[in-house]
Amino acid sequence: MDQHEQPVETPGLSSERLDTLLRVLAAEPRRMIYTHLAEHDSASISELTDVVVGWSSARGRDTDACNWDDTRTALHHRHLPVLDDAGIVSYDAAQRIATLVSLSPSTAEVLATITDLDTAETDHED
């Protein structure tokens, strides 16, 4: 195995956990949700829908993400459950409230790095 095939080691994270975090935050709406919850701790699905639609529009995305009802449905049925399953948020589907869970420092560091890279990429698009 050469140096490019060796698993990345992140202090405090298993390679499986790192893979999960990268897979979960590969979807832009989930990065937006995490970024918002990192600042506000919890939010209703309506508030998160406003955030995703607003940020998508501001980024010039010409996709279904700019449609409020479709975005709300996608958040409720897909994105928030994925974040919940990954242990990043707690999503109460009945109350339609998402809350950021207490994350380990290493998980928080990886998530912050991913969202910082996303923000830097968006800034370069302008």
# chains A, B, ... in the order shown; residues from 1 in each chain; ligands from 1
call {"tool": "residues_around", "arguments": {"residues": "segment 90-101 of chain A", "least_positions_apart": "3", "cutoff": "6 Å", "atoms": "only C-alpha atoms", "output": "PyMOL selection string"}}
result
chain A and resi 37+41-45+84
call {"tool": "residues_around", "arguments": {"residues": "Thr20 of chain A", "least_positions_apart": "6", "cutoff": "10 Å", "atoms": "only C-alpha atoms", "output": "JSON, numbers by chain"}}
result
{"A": [14, 26, 85, 86, 87]}
call {"tool": "residues_around", "arguments": {"residues": "Asn67 of chain A", "least_positions_apart": "5", "cutoff": "12 Å", "atoms": "only C-alpha atoms", "output": "VMD selection string"}}
result
chain A and resid 49 to 50 52 to 54 56 to 57 61 to 62 72 to 74
call {"tool": "select_by_dssp", "arguments": {"residues": "segment 17-125 of chain A", "states": "strand (DSSP E)", "output": "PyMOL selection string"}}
result
chain A and resi 42-44+89-92+97-100
call {"tool": "atom_distance", "arguments": {"atom1": "atom CA of Pro105 of chain A", "atom2": "atom CA of Leu75 of chain A"}}
result
26.1 Å
call {"tool": "atom_distance", "arguments": {"atom1": "atom CA of Leu25 of chain A", "atom2": "atom CA of His79 of chain A"}}
result
9.8 Å
call {"tool": "atom_distance", "arguments": {"atom1": "atom CA of Leu13 of chain A", "atom2": "atom CA of Glu109 of chain A"}}
result
10.5 Å
call {"tool": "residues_around", "arguments": {"residues": "Leu21 of chain A", "least_positions_apart": "5", "cutoff": "12 Å", "atoms": "only C-alpha atoms", "output": "PyMOL selection string"}}
result
chain A and resi 13-16+26-27+30-31+34+82-88+103+106-115
call {"tool": "select_by_dssp", "arguments": {"residues": "segment 14-52 of chain A", "states": "alpha helix (DSSP H)", "output": "PyMOL selection string"}}
result
chain A and resi 15-24+28-40+45-52
